[in-house]
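Q: File name final23.pdb; file contents PDB, C-alpha atoms and all ligand atoms; full text below.
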```
ATOM      1  CA  MET A1130     -14.838   2.687 -10.417
ATOM      2  CA  ASN A1131     -15.295  -0.074  -7.937
ATOM      3  CA  GLU A1132     -16.201   1.161  -4.456
ATOM      4  CA  HIS A1133     -16.183  -2.287  -2.903
ATOM      5  CA  PRO A1134     -13.194  -4.208  -4.217
ATOM      6  CA  LEU A1135     -14.051  -7.839  -4.710
ATOM      7  CA  TYR A1136     -12.095 -10.461  -2.910
ATOM      8  CA  LEU A1137     -11.505 -14.048  -3.865
ATOM      9  CA  ASP A1138     -11.667 -17.045  -1.570
ATOM     10  CA  GLY A1139      -8.514 -18.688  -0.323
ATOM     11  CA  ASN A1140      -8.375 -21.111  -3.212
ATOM     12  CA  ALA A1141      -6.754 -18.195  -5.062
ATOM     13  CA  LEU A1142      -3.683 -19.003  -2.935
ATOM     14  CA  ALA A1143      -3.516 -22.587  -4.207
ATOM     15  CA  GLY A1144      -1.553 -21.614  -7.313
ATOM     16  CA  PRO A1145       1.262 -19.525  -5.848
ATOM     17  CA  LEU A1146       1.591 -21.477  -2.566
ATOM     18  CA  GLY A1147       1.261 -24.812  -4.404
ATOM     19  CA  GLU A1148       4.547 -23.936  -6.110
ATOM     20  CA  VAL A1149       6.417 -24.081  -2.798
ATOM     21  CA  PHE A1150       4.336 -26.411  -0.556
ATOM     22  CA  THR A1151       4.452 -30.167  -0.946
ATOM     23  CA  THR A1152       0.965 -30.593   0.546
ATOM     24  CA  ASP A1153      -2.193 -28.787  -0.525
ATOM     25  CA  PRO A1154      -1.998 -25.546   1.500
ATOM     26  CA  THR A1155      -5.701 -24.699   1.143
ATOM     27  CA  THR A1156      -6.765 -27.280   3.767
ATOM     28  CA  ALA A1157      -4.450 -25.789   6.424
ATOM     29  CA  TRP A1158      -6.451 -24.724   9.443
ATOM     30  CA  ARG A1159      -6.222 -21.541  11.465
ATOM     31  CA  LEU A1160      -7.817 -20.041  14.554
ATOM     32  CA  CYS A1161      -7.970 -16.259  14.136
ATOM     33  CA  PRO A1162      -6.027 -14.688  17.046
ATOM     34  CA  ALA A1163      -8.147 -11.531  16.738
ATOM     35  CA  CYS A1164     -11.710 -12.919  16.716
ATOM     36  CA  ARG A1165     -11.229 -16.678  17.412
ATOM     37  CA  LEU A1166     -13.005 -17.698  14.199
ATOM     38  CA  PRO A1167     -11.677 -21.015  12.882
ATOM     39  CA  ALA A1168     -11.152 -21.181   9.118
ATOM     40  CA  THR A1169      -9.255 -23.139   6.547
ATOM     41  CA  LEU A1170      -6.898 -21.273   4.272
ATOM     42  CA  ALA A1171      -9.437 -21.826   1.472
ATOM     43  CA  GLN A1172     -12.044 -19.869   3.451
ATOM     44  CA  LEU A1173      -9.921 -16.726   3.835
ATOM     45  CA  HIS A1174     -10.804 -13.589   1.851
ATOM     46  CA  VAL A1175      -8.045 -12.836  -0.605
ATOM     47  CA  TYR A1176      -7.371  -9.349  -2.003
ATOM     48  CA  GLY A1177      -5.014  -8.548  -4.849
ATOM     49  CA  PRO A1178      -3.334  -9.969  -6.839
ATOM     50  CA  GLU A1179      -1.196  -6.811  -7.153
ATOM     51  CA  PRO A1180       1.053  -5.681  -5.595
ATOM     52  CA  GLY A1181       0.627  -8.898  -3.591
ATOM     53  CA  LEU A1182      -2.037 -11.251  -2.269
ATOM     54  CA  THR A1183      -3.442 -10.282   1.125
ATOM     55  CA  ALA A1184      -5.483 -13.024   2.828
ATOM     56  CA  ARG A1185      -7.782 -11.891   5.622
ATOM     57  CA  CYS A1186      -9.973 -13.550   8.255
ATOM     58  CA  PRO A1187     -13.511 -13.957   6.855
ATOM     59  CA  GLY A1188     -14.891 -12.869  10.251
ATOM     60  CA  CYS A1189     -12.929  -9.761  11.232
ATOM     61  CA  ALA A1190     -10.695  -8.981   8.190
ATOM     62  CA  ALA A1191      -7.504  -9.285  10.278
ATOM     63  CA  VAL A1192      -4.536 -10.058   8.044
ATOM     64  CA  ALA A1193      -3.667 -13.772   8.019
ATOM     65  CA  LEU A1194      -0.899 -13.799   5.449
ATOM     66  CA  ARG A1195       0.606 -11.968   2.501
ATOM     67  CA  VAL A1196       2.180 -13.466  -0.591
ATOM     68  CA  VAL A1197       4.425 -11.469  -2.907
ATOM     69  CA  THR A1198       5.766 -13.063  -6.067
ATOM     70  CA  GLN A1199       8.689 -11.705  -8.024
ATOM     71  CA  PRO A1200      10.563 -13.387 -10.874
ATOM     72  CA  GLY A1201      12.299 -16.418  -9.332
ATOM     73  CA  HIS A1202      11.024 -15.886  -5.782
ATOM     74  CA  LEU A1203       7.954 -16.074  -3.597
ATOM     75  CA  TRP A1204       7.628 -14.236  -0.277
ATOM     76  CA  LEU A1205       5.285 -15.555   2.400
ATOM     77  CA  GLN A1206       4.626 -13.123   5.249
ATOM     78  CA  LEU A1207       2.669 -14.260   8.288
ATOM     79  CA  GLY A1208       3.724 -11.331  10.447
ATOM     80  CA  SER A1209       3.075 -10.514  14.071
ATOM     81  CA  GLY A1210      -0.414 -11.343  15.260
ATOM     82  CA  ALA A1211      -1.264 -13.228  12.064
ATOM     83  CA  GLY A1212      -1.684 -16.526  13.883
ATOM     84  CA  ALA A1213      -0.445 -19.981  12.949
ATOM     85  CA  PHE A1214      -1.576 -22.420  10.290
ATOM     86  CA  ARG A1215      -1.960 -26.079  11.187
ATOM     87  CA  PHE A1216      -0.970 -28.398   8.345
ATOM     88  CA  SER A1217      -1.788 -32.091   8.191
ATOM     89  CA  ARG A1218       1.242 -34.348   7.796
ATOM     90  CA  PRO A1219      -0.015 -37.000   5.390
ATOM     91  CA  HIS A1220       2.932 -39.346   5.992
ATOM     92  CA  ASP A1221       2.616 -39.368   9.771
ATOM     93  CA  ARG A1222       0.686 -42.082  11.503
ATOM     94  CA  VAL A1223      -1.201 -40.597  14.436
ATOM     95  CA  ARG A1224       0.000 -42.650  17.368
ATOM     96  CA  ASN A1225      -2.545 -44.596  19.283
ATOM     97  CA  PRO A1226      -3.014 -42.532  22.437
ATOM     98  CA  GLY A1227      -3.511 -45.762  24.464
TER      99      GLY A1227
ATOM    100  CA  MET B 135       6.343  -3.891 -30.472
ATOM    101  CA  GLY B 136       5.683  -3.579 -34.220
ATOM    102  CA  SER B 137       1.921  -3.528 -33.808
ATOM    103  CA  LEU B 138       1.716  -0.347 -31.768
ATOM    104  CA  SER B 139      -0.230   2.418 -33.454
ATOM    105  CA  PRO B 140       1.502   5.613 -34.656
ATOM    106  CA  GLY B 141      -0.561   7.540 -32.112
ATOM    107  CA  PHE B 142       0.853   5.479 -29.290
ATOM    108  CA  HIS B 143       4.397   6.105 -30.488
ATOM    109  CA  GLY B 144       3.676   9.798 -30.721
ATOM    110  CA  ARG B 145       2.382   9.902 -27.180
ATOM    111  CA  THR B 146       5.324   7.887 -25.891
ATOM    112  CA  ARG B 147       7.733  10.319 -27.540
ATOM    113  CA  ALA B 148       5.979  13.246 -25.908
ATOM    114  CA  PHE B 149       6.700  11.695 -22.515
ATOM    115  CA  GLU B 150      10.288  10.765 -23.299
ATOM    116  CA  GLY B 151      12.464  11.001 -20.227
ATOM    117  CA  ARG B 152       9.453  10.749 -17.929
ATOM    118  CA  LEU B 153       8.924   6.978 -18.057
ATOM    119  CA  PRO B 154      11.090   5.059 -15.543
ATOM    120  CA  PRO B 155      12.638   1.745 -16.639
ATOM    121  CA  GLY B 156      10.249  -1.215 -16.857
ATOM    122  CA  GLN B 157       7.108   0.973 -16.811
ATOM    123  CA  TYR B 158       4.365   1.513 -19.390
ATOM    124  CA  PRO B 159       2.116   4.586 -19.637
ATOM    125  CA  THR B 160      -1.586   4.257 -18.862
ATOM    126  CA  GLU B 161      -4.474   6.685 -19.008
ATOM    127  CA  SER B 162      -6.690   4.672 -16.670
ATOM    128  CA  PHE B 163      -6.196   4.727 -12.914
ATOM    129  CA  PRO B 164      -6.063   1.106 -11.736
ATOM    130  CA  VAL B 165      -7.299   0.415  -8.205
ATOM    131  CA  LEU B 166      -5.144  -1.924  -6.152
ATOM    132  CA  SER B 167      -6.449  -3.102  -2.836
ATOM    133  CA  ALA B 168      -5.139  -5.143   0.070
ATOM    134  CA  GLY B 169      -8.412  -5.251   1.970
ATOM    135  CA  PRO B 170     -11.901  -3.867   2.444
ATOM    136  CA  THR B 171     -12.258  -0.167   1.593
ATOM    137  CA  PRO B 172     -12.681   1.907   4.769
ATOM    138  CA  HIS B 173     -15.357   4.590   4.625
ATOM    139  CA  VAL B 174     -14.341   7.447   6.905
ATOM    140  CA  PRO B 175     -16.788  10.371   7.104
ATOM    141  CA  THR B 176     -14.999  13.711   7.187
ATOM    142  CA  ASP B 177     -16.711  14.703  10.454
ATOM    143  CA  ARG B 178     -14.964  11.767  12.131
ATOM    144  CA  TRP B 179     -11.701  12.160  10.230
ATOM    145  CA  SER B 180      -8.531  13.478  11.826
ATOM    146  CA  PHE B 181      -4.866  13.503  10.925
ATOM    147  CA  THR B 182      -2.296  13.006  13.676
ATOM    148  CA  VAL B 183       1.462  13.473  13.723
ATOM    149  CA  THR B 184       3.154  11.511  16.517
ATOM    150  CA  THR B 185       6.758  12.151  17.545
ATOM    151  CA  GLU B 186       9.297   9.618  18.787
ATOM    152  CA  ARG B 187       8.478  10.792  22.330
ATOM    153  CA  GLY B 188       4.781  10.088  21.845
ATOM    154  CA  GLU B 189       3.757  13.729  21.590
ATOM    155  CA  THR B 190       0.883  14.254  19.169
ATOM    156  CA  ARG B 191      -0.562  17.068  17.096
ATOM    157  CA  SER B 192      -3.912  16.493  15.377
ATOM    158  CA  TRP B 193      -6.000  18.279  12.759
ATOM    159  CA  THR B 194      -9.708  17.840  12.140
ATOM    160  CA  TRP B 195     -11.003  17.848   8.570
ATOM    161  CA  ASP B 196     -12.026  21.519   8.772
ATOM    162  CA  GLU B 197      -8.683  22.504  10.305
ATOM    163  CA  MET B 198      -6.840  20.652   7.534
ATOM    164  CA  MET B 199      -8.956  22.320   4.836
ATOM    165  CA  ALA B 200      -8.157  25.740   6.341
ATOM    166  CA  LEU B 201      -4.402  25.171   5.880
ATOM    167  CA  PRO B 202      -2.607  26.501   2.765
ATOM    168  CA  GLN B 203      -3.645  24.331  -0.185
ATOM    169  CA  GLU B 204      -1.445  23.322  -3.109
ATOM    170  CA  GLU B 205      -2.336  21.837  -6.500
ATOM    171  CA  PRO B 206       0.530  19.634  -7.629
ATOM    172  CA  THR B 207       0.429  18.061 -11.118
ATOM    173  CA  VAL B 208       2.734  15.065 -11.004
ATOM    174  CA  ASP B 209       3.635  11.771 -12.703
ATOM    175  CA  ILE B 210       2.979   8.646 -10.634
ATOM    176  CA  HIS B 211       4.567   5.222 -10.979
ATOM    177  CA  CYS B 212       3.121   1.972  -9.627
ATOM    178  CA  VAL B 213       5.371  -0.993  -8.855
ATOM    179  CA  THR B 214       2.958  -3.101 -10.952
ATOM    180  CA  ARG B 215       4.529  -1.256 -13.905
ATOM    181  CA  TRP B 216       1.948   1.335 -14.878
ATOM    182  CA  SER B 217       2.817   5.018 -14.893
ATOM    183  CA  LYS B 218       0.355   7.843 -15.214
ATOM    184  CA  PHE B 219       1.428  11.291 -16.338
ATOM    185  CA  ASP B 220       0.157  14.689 -15.203
ATOM    186  CA  THR B 221      -2.125  13.586 -12.381
ATOM    187  CA  ARG B 222      -3.752  16.605 -10.718
ATOM    188  CA  TRP B 223      -4.138  16.655  -6.940
ATOM    189  CA  ARG B 224      -5.199  19.181  -4.337
ATOM    190  CA  GLY B 225      -4.017  19.054  -0.779
ATOM    191  CA  VAL B 226      -1.639  20.222   1.918
ATOM    192  CA  SER B 227       2.119  19.833   1.800
ATOM    193  CA  LEU B 228       3.348  17.492   4.555
ATOM    194  CA  ASP B 229       5.832  20.242   5.480
ATOM    195  CA  VAL B 230       2.917  22.187   6.978
ATOM    196  CA  PHE B 231       2.147  19.361   9.424
ATOM    197  CA  LEU B 232       5.704  18.290  10.227
ATOM    198  CA  ASP B 233       6.799  21.896  10.876
ATOM    199  CA  GLU B 234       4.386  21.895  13.828
ATOM    200  CA  VAL B 235       6.206  19.224  15.831
ATOM    201  CA  ASP B 236       9.625  19.028  17.421
ATOM    202  CA  SER B 237      11.404  15.866  16.329
ATOM    203  CA  SER B 238      14.882  14.732  15.381
ATOM    204  CA  SER B 239      13.731  11.444  13.797
ATOM    205  CA  GLU B 240      14.970  10.764  10.294
ATOM    206  CA  HIS B 241      12.250   8.244   9.398
ATOM    207  CA  VAL B 242       8.478   8.255   9.277
ATOM    208  CA  VAL B 243       5.748   5.638   9.089
ATOM    209  CA  ALA B 244       2.504   6.609   7.374
ATOM    210  CA  GLU B 245      -0.483   4.927   8.989
ATOM    211  CA  SER B 246      -3.907   4.391   7.417
ATOM    212  CA  PHE B 247      -7.416   3.865   8.750
ATOM    213  CA  ASP B 248      -7.405   0.259   7.453
ATOM    214  CA  GLY B 249      -4.199  -0.630   9.324
ATOM    215  CA  TYR B 250      -1.925  -0.209   6.300
ATOM    216  CA  THR B 251       1.533   1.198   6.970
ATOM    217  CA  THR B 252       4.442   2.328   4.832
ATOM    218  CA  ASN B 253       7.864   3.638   5.826
ATOM    219  CA  LEU B 254       9.676   6.591   4.275
ATOM    220  CA  PRO B 255      12.757   8.691   5.039
ATOM    221  CA  ARG B 256      11.699  11.986   6.580
ATOM    222  CA  GLU B 257      13.588  13.897   3.904
ATOM    223  CA  ASP B 258      11.372  12.264   1.256
ATOM    224  CA  VAL B 259       8.166  13.668   2.730
ATOM    225  CA  THR B 260       9.521  17.176   3.427
ATOM    226  CA  GLY B 261      10.856  19.925   1.193
ATOM    227  CA  GLY B 262       7.759  20.073  -1.013
ATOM    228  CA  LYS B 263       7.928  16.423  -2.120
ATOM    229  CA  ALA B 264       4.785  14.975  -0.462
ATOM    230  CA  TRP B 265       1.165  15.967   0.088
ATOM    231  CA  LEU B 266      -1.884  14.970   2.031
ATOM    232  CA  ALA B 267      -4.285  15.002  -0.932
ATOM    233  CA  HIS B 268      -8.076  15.210  -0.690
ATOM    234  CA  ALA B 269      -9.015  15.935  -4.323
ATOM    235  CA  TYR B 270      -8.061  14.298  -7.593
ATOM    236  CA  ASP B 271      -8.668  15.826 -11.021
ATOM    237  CA  GLY B 272     -10.927  18.466  -9.547
ATOM    238  CA  TYR B 273     -13.138  16.162  -7.507
ATOM    239  CA  ALA B 274     -13.173  15.027  -3.887
ATOM    240  CA  LEU B 275     -11.027  11.899  -3.616
ATOM    241  CA  SER B 276     -13.238   8.799  -3.804
ATOM    242  CA  PRO B 277     -12.855   6.033  -1.199
ATOM    243  CA  ASP B 278     -11.467   3.542  -3.717
ATOM    244  CA  HIS B 279      -8.624   5.950  -4.521
ATOM    245  CA  GLY B 280      -7.919   6.579  -0.848
ATOM    246  CA  GLY B 281     -10.455   9.252   0.108
ATOM    247  CA  PRO B 282     -11.210  11.209   2.089
ATOM    248  CA  ALA B 283      -7.443  11.826   2.061
ATOM    249  CA  ARG B 284      -4.337   9.983   0.985
ATOM    250  CA  LEU B 285      -0.616  10.518   0.961
ATOM    251  CA  VAL B 286       0.913  11.442  -2.418
ATOM    252  CA  VAL B 287       4.683  10.962  -2.740
ATOM    253  CA  PRO B 288       5.098  10.951  -6.510
ATOM    254  CA  HIS B 289       8.862  10.383  -6.714
ATOM    255  CA  LEU B 290       8.584   6.931  -5.079
ATOM    256  CA  TYR B 291       6.581   3.879  -6.204
ATOM    257  CA  PHE B 292       2.934   4.509  -5.501
ATOM    258  CA  TRP B 293       2.534   1.930  -2.697
ATOM    259  CA  LYS B 294       4.343   4.568  -0.593
ATOM    260  CA  SER B 295       1.416   6.939  -1.221
ATOM    261  CA  ALA B 296      -0.760   5.440   1.518
ATOM    262  CA  LYS B 297      -4.510   5.554   0.906
ATOM    263  CA  TRP B 298      -6.914   6.511   3.749
ATOM    264  CA  ILE B 299      -4.093   8.114   5.704
ATOM    265  CA  LYS B 300      -4.760   8.877   9.357
ATOM    266  CA  GLY B 301      -1.355   9.892  10.567
ATOM    267  CA  ILE B 302       2.419  10.114  10.409
ATOM    268  CA  ILE B 303       4.636   8.611  13.100
ATOM    269  CA  LEU B 304       8.177   9.926  13.388
ATOM    270  CA  THR B 305      10.518   7.029  14.178
ATOM    271  CA  PRO B 306      14.240   7.053  15.064
ATOM    272  CA  ASP B 307      14.747   3.808  13.093
ATOM    273  CA  ASP B 308      13.488   2.665   9.713
ATOM    274  CA  GLU B 309      10.505   0.391  10.380
ATOM    275  CA  PRO B 310       9.322  -1.673   7.385
ATOM    276  CA  GLY B 311       5.636  -1.244   6.563
ATOM    277  CA  PHE B 312       2.911  -3.523   5.193
ATOM    278  CA  TRP B 313       4.519  -4.396   1.835
ATOM    279  CA  GLU B 314       8.092  -3.543   2.827
ATOM    280  CA  SER B 315       7.971  -6.378   5.388
ATOM    281  CA  ALA B 316       6.706  -8.811   2.734
ATOM    282  CA  GLY B 317       9.380  -8.542   0.071
ATOM    283  CA  TYR B 318       9.011  -5.055  -1.371
ATOM    284  CA  HIS B 319      11.882  -2.591  -1.343
ATOM    285  CA  GLY B 320      12.377  -0.343   1.679
ATOM    286  CA  TYR B 321      12.780   2.848  -0.382
ATOM    287  CA  GLY B 322      11.142   2.198  -3.767
ATOM    288  CA  ASP B 323      12.819   4.566  -6.252
ATOM    289  CA  PRO B 324      11.185   3.917  -9.661
ATOM    290  CA  TRP B 325      14.201   5.344 -11.534
ATOM    291  CA  ARG B 326      16.443   2.716  -9.934
ATOM    292  CA  GLU B 327      13.762  -0.006 -10.231
ATOM    293  CA  GLN B 328      13.787  -0.654  -6.490
ATOM    294  CA  ARG B 329      10.866  -3.084  -6.529
ATOM    295  CA  TYR B 330      11.991  -5.916  -4.208
ATOM    296  CA  TRP B 331      14.374  -6.229  -1.248
ATOM    297  CA  SER B 332      17.335  -7.337  -3.334
ATOM    298  CA  ASP B 333      16.918  -4.648  -6.039
TER     299      ASP B 333
HETATM  300 ZN    ZN A1301     -10.807 -12.864  12.752
END
```
What would you get if you wrote out this structure as structure tokens?
A:
Amino acid sequence: MNEHPLYLDGNALAGPLGEVFTTDPTTAWRLCPACRLPATLAQLHVYGPEPGLTARCPGCAAVALRVVTQPGHLWLQLGSGAGAFRFSRPHDRVRNPG
Amino acid sequence: MGSLSPGFHGRTRAFEGRLPPGQYPTESFPVLSAGPTPHVPTDRWSFTVTTERGETRSWTWDEMMALPQEEPTVDIHCVTRWSKFDTRWRGVSLDVFLDEVDSSSEHVVAESFDGYTTNLPREDVTGGKAWLAHAYDGYALSPDHGGPARLVVPHLYFWKSAKWIKGIILTPDDEPGFWESAGYHGYGDPWREQRYWSD
């Protein structure tokens, strides 16, 4: 029996989230509301895959998101206190601040 | 299905009527995890029941072990489709704890040391249907299976049987827990295949 369950890095989320995101979700950036550690989605620690994927802050293990897949559907739960993910918008031109 | 061995068929027949729809029997005990395994020494363990008015009643490990112990042998069913027959537990019926508090709430939330939560109707954890279990198959419950103590509610999908339980909160309203707020069913009856919200 495994006393210390292994986790995967956030690239494990690329498959399921790639099905519903038009941009690569793994480069999304997040500042952990619990410990202030910045991390990309790819750097999160991912537990699962069953009954769902739980992605946690690599610094403090606070839950960042949960993904549950069922036939025909995908659930994405950010939840209270999970923080926000910042996605790049590849088609936007950043306006010249001047 | 043609390639299954005669032995497998024989075993399946022996458990006829005990396998809910969409499940397969397993003899292993898969470990599912949503985070790092907490390691809670029994000398720092306690179990707390909190009422809707915020009143609490707590038991230390030694106090819990001094309560009347039961040894249920039950079938368990995981939403990931495995079922395991005749699992042997030792622990205290939740009735013993809930009888000690005054509450009119019809719902409970089980809370774990790792922050996990799961919601259940009060009537599903009373009347001899749920246990705080600290031993499995004759041995102290290991941390990866939820030790030092976990909830065991065998008639619902096993995600309701919270590992590393630290308390029960009585709530007037049904409050979705960790997986229930992320797509899983609020009640989770394996015989009605209540896996996801819409089931
Ligand atoms: Zn953090």
Q: Wanna dump the chain A-ligand ZN 1301 (chain A) contacts at 9 Å for me, each residue with its shortest atom pair and the distance in Å to one decimal, counting only C-alpha atoms and all ligand atoms, ordered by chain and number, as CSV?
A:
```
residue,atom,partner,partner_atom,distance
A:Leu1160,CA,A:ZN1301,ZN,8.0
A:Cys1161,CA,A:ZN1301,ZN,4.6
A:Pro1162,CA,A:ZN1301,ZN,6.7
A:Ala1163,CA,A:ZN1301,ZN,5.0
A:Cys1164,CA,A:ZN1301,ZN,4.1
A:Arg1165,CA,A:ZN1301,ZN,6.0
A:Leu1166,CA,A:ZN1301,ZN,5.5
A:Pro1167,CA,A:ZN1301,ZN,8.2
A:Arg1185,CA,A:ZN1301,ZN,7.8
A:Cys1186,CA,A:ZN1301,ZN,4.6
A:Pro1187,CA,A:ZN1301,ZN,6.6
A:Gly1188,CA,A:ZN1301,ZN,4.8
A:Cys1189,CA,A:ZN1301,ZN,4.1
A:Ala1190,CA,A:ZN1301,ZN,6.0
A:Ala1191,CA,A:ZN1301,ZN,5.5
A:Val1192,CA,A:ZN1301,ZN,8.3
A:Ala1193,CA,A:ZN1301,ZN,8.6
```
Q: Please, could you write that set of residues out with C-alpha atoms as an mmCIF file, in the coordinates of the input?
A:
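Okay, this is what ended up in part13.cif:
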```cif
data_model
loop_
_atom_site.group_PDB
_atom_site.id
_atom_site.type_symbol
_atom_site.label_atom_id
_atom_site.label_comp_id
_atom_site.auth_asym_id
_atom_site.auth_seq_id
_atom_site.Cartn_x
_atom_site.Cartn_y
_atom_site.Cartn_z
ATOM 1 C CA LEU A 1160 -7.817 -20.041 14.554
ATOM 2 C CA CYS A 1161 -7.970 -16.259 14.136
ATOM 3 C CA PRO A 1162 -6.027 -14.688 17.046
ATOM 4 C CA ALA A 1163 -8.147 -11.531 16.738
ATOM 5 C CA CYS A 1164 -11.710 -12.919 16.716
ATOM 6 C CA ARG A 1165 -11.229 -16.678 17.412
ATOM 7 C CA LEU A 1166 -13.005 -17.698 14.199
ATOM 8 C CA PRO A 1167 -11.677 -21.015 12.882
ATOM 9 C CA ARG A 1185 -7.782 -11.891 5.622
ATOM 10 C CA CYS A 1186 -9.973 -13.550 8.255
ATOM 11 C CA PRO A 1187 -13.511 -13.957 6.855
ATOM 12 C CA GLY A 1188 -14.891 -12.869 10.251
ATOM 13 C CA CYS A 1189 -12.929 -9.761 11.232
ATOM 14 C CA ALA A 1190 -10.695 -8.981 8.190
ATOM 15 C CA ALA A 1191 -7.504 -9.285 10.278
ATOM 16 C CA VAL A 1192 -4.536 -10.058 8.044
ATOM 17 C CA ALA A 1193 -3.667 -13.772 8.019
#
```
Q: Select from chain A every residue with an atom at most 9 Å from any atom of chain B, then for each give the shortest pair of atoms and their distance in Å to one decimal, using only C-alpha atoms, rows by chain and rising number, as JSON lines.
A:
```
{"residue": "A:Met1130", "atom": "CA", "partner": "B:Asp278", "partner_atom": "CA", "distance": 7.5}
{"residue": "A:Asn1131", "atom": "CA", "partner": "B:Asp278", "partner_atom": "CA", "distance": 6.7}
{"residue": "A:Glu1132", "atom": "CA", "partner": "B:Asp278", "partner_atom": "CA", "distance": 5.4}
{"residue": "A:His1133", "atom": "CA", "partner": "B:Thr171", "partner_atom": "CA", "distance": 6.3}
{"residue": "A:Pro1134", "atom": "CA", "partner": "B:Pro170", "partner_atom": "CA", "distance": 6.8}
{"residue": "A:Leu1135", "atom": "CA", "partner": "B:Pro170", "partner_atom": "CA", "distance": 8.5}
{"residue": "A:Tyr1136", "atom": "CA", "partner": "B:Gly169", "partner_atom": "CA", "distance": 8.0}
{"residue": "A:His1174", "atom": "CA", "partner": "B:Gly169", "partner_atom": "CA", "distance": 8.7}
{"residue": "A:Val1175", "atom": "CA", "partner": "B:Gly169", "partner_atom": "CA", "distance": 8.0}
{"residue": "A:Tyr1176", "atom": "CA", "partner": "B:Ala168", "partner_atom": "CA", "distance": 5.2}
{"residue": "A:Gly1177", "atom": "CA", "partner": "B:Ser167", "partner_atom": "CA", "distance": 6.0}
{"residue": "A:Pro1178", "atom": "CA", "partner": "B:Leu166", "partner_atom": "CA", "distance": 8.3}
{"residue": "A:Glu1179", "atom": "CA", "partner": "B:Leu166", "partner_atom": "CA", "distance": 6.4}
{"residue": "A:Pro1180", "atom": "CA", "partner": "B:Thr214", "partner_atom": "CA", "distance": 6.2}
{"residue": "A:Gly1181", "atom": "CA", "partner": "B:Ala168", "partner_atom": "CA", "distance": 7.8}
{"residue": "A:Leu1182", "atom": "CA", "partner": "B:Ala168", "partner_atom": "CA", "distance": 7.2}
{"residue": "A:Thr1183", "atom": "CA", "partner": "B:Ala168", "partner_atom": "CA", "distance": 5.5}
{"residue": "A:Ala1184", "atom": "CA", "partner": "B:Gly169", "partner_atom": "CA", "distance": 8.4}
{"residue": "A:Arg1185", "atom": "CA", "partner": "B:Gly169", "partner_atom": "CA", "distance": 7.6}
{"residue": "A:Ala1190", "atom": "CA", "partner": "B:Gly169", "partner_atom": "CA", "distance": 7.6}
{"residue": "A:Val1192", "atom": "CA", "partner": "B:Gly169", "partner_atom": "CA", "distance": 8.7}
{"residue": "A:Arg1195", "atom": "CA", "partner": "B:Ala316", "partner_atom": "CA", "distance": 6.9}
{"residue": "A:Val1196", "atom": "CA", "partner": "B:Ala316", "partner_atom": "CA", "distance": 7.3}
{"residue": "A:Val1197", "atom": "CA", "partner": "B:Gly317", "partner_atom": "CA", "distance": 6.5}
{"residue": "A:Thr1198", "atom": "CA", "partner": "B:Gly317", "partner_atom": "CA", "distance": 8.4}
{"residue": "A:Gln1199", "atom": "CA", "partner": "B:Tyr330", "partner_atom": "CA", "distance": 7.7}
{"residue": "A:Leu1203", "atom": "CA", "partner": "B:Gly317", "partner_atom": "CA", "distance": 8.5}
{"residue": "A:Trp1204", "atom": "CA", "partner": "B:Gly317", "partner_atom": "CA", "distance": 6.0}
{"residue": "A:Leu1205", "atom": "CA", "partner": "B:Ala316", "partner_atom": "CA", "distance": 6.9}
{"residue": "A:Gln1206", "atom": "CA", "partner": "B:Ala316", "partner_atom": "CA", "distance": 5.4}
{"residue": "A:Leu1207", "atom": "CA", "partner": "B:Ala316", "partner_atom": "CA", "distance": 8.8}
{"residue": "A:Gly1208", "atom": "CA", "partner": "B:Ser315", "partner_atom": "CA", "distance": 8.3}
```
Q: Taking the file as I've supplied it (selection: the PyMOL selection byres (((chain A and resi 1168-1171) around 7) and not hetatm)), which residues are included? Please answer as a PDB file with C-alpha atoms, in the coordinates of the input.
A:
```
ATOM      1  CA  ASP A1138     -11.667 -17.045  -1.570  1.00  0.00           C
ATOM      2  CA  GLY A1139      -8.514 -18.688  -0.323  1.00  0.00           C
ATOM      3  CA  ASN A1140      -8.375 -21.111  -3.212  1.00  0.00           C
ATOM      4  CA  THR A1155      -5.701 -24.699   1.143  1.00  0.00           C
ATOM      5  CA  THR A1156      -6.765 -27.280   3.767  1.00  0.00           C
ATOM      6  CA  ALA A1157      -4.450 -25.789   6.424  1.00  0.00           C
ATOM      7  CA  TRP A1158      -6.451 -24.724   9.443  1.00  0.00           C
ATOM      8  CA  ARG A1159      -6.222 -21.541  11.465  1.00  0.00           C
ATOM      9  CA  LEU A1160      -7.817 -20.041  14.554  1.00  0.00           C
ATOM     10  CA  LEU A1166     -13.005 -17.698  14.199  1.00  0.00           C
ATOM     11  CA  PRO A1167     -11.677 -21.015  12.882  1.00  0.00           C
ATOM     12  CA  GLN A1172     -12.044 -19.869   3.451  1.00  0.00           C
ATOM     13  CA  LEU A1173      -9.921 -16.726   3.835  1.00  0.00           C
TER      14      LEU A1173
END
```
Q: Using all atoms listed in the file, which protein or nucleic acid residues come within 8 Å of stretch 224-232 of chain B? Drop anything in the same chain fewer than 4 positions from it, and give the result as a PyMOL selection string.
A: chain B and resi 183+198+201-206+259-270+272
Q: Work out how far atom CA of B:Glu314 is from atom CA of B:Asp233, in Å to one decimal.
A: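 It comes out at 26.7 Å.
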Q: I'd like the residues picked by the PyMOL selection byres (((chain B and resi 195) around 10) and not hetatm) written out as a VMD selection string, using the chain letters and numbers from the file.
A: chain B and resid 175 to 181 192 to 194 196 to 200 282 to 283
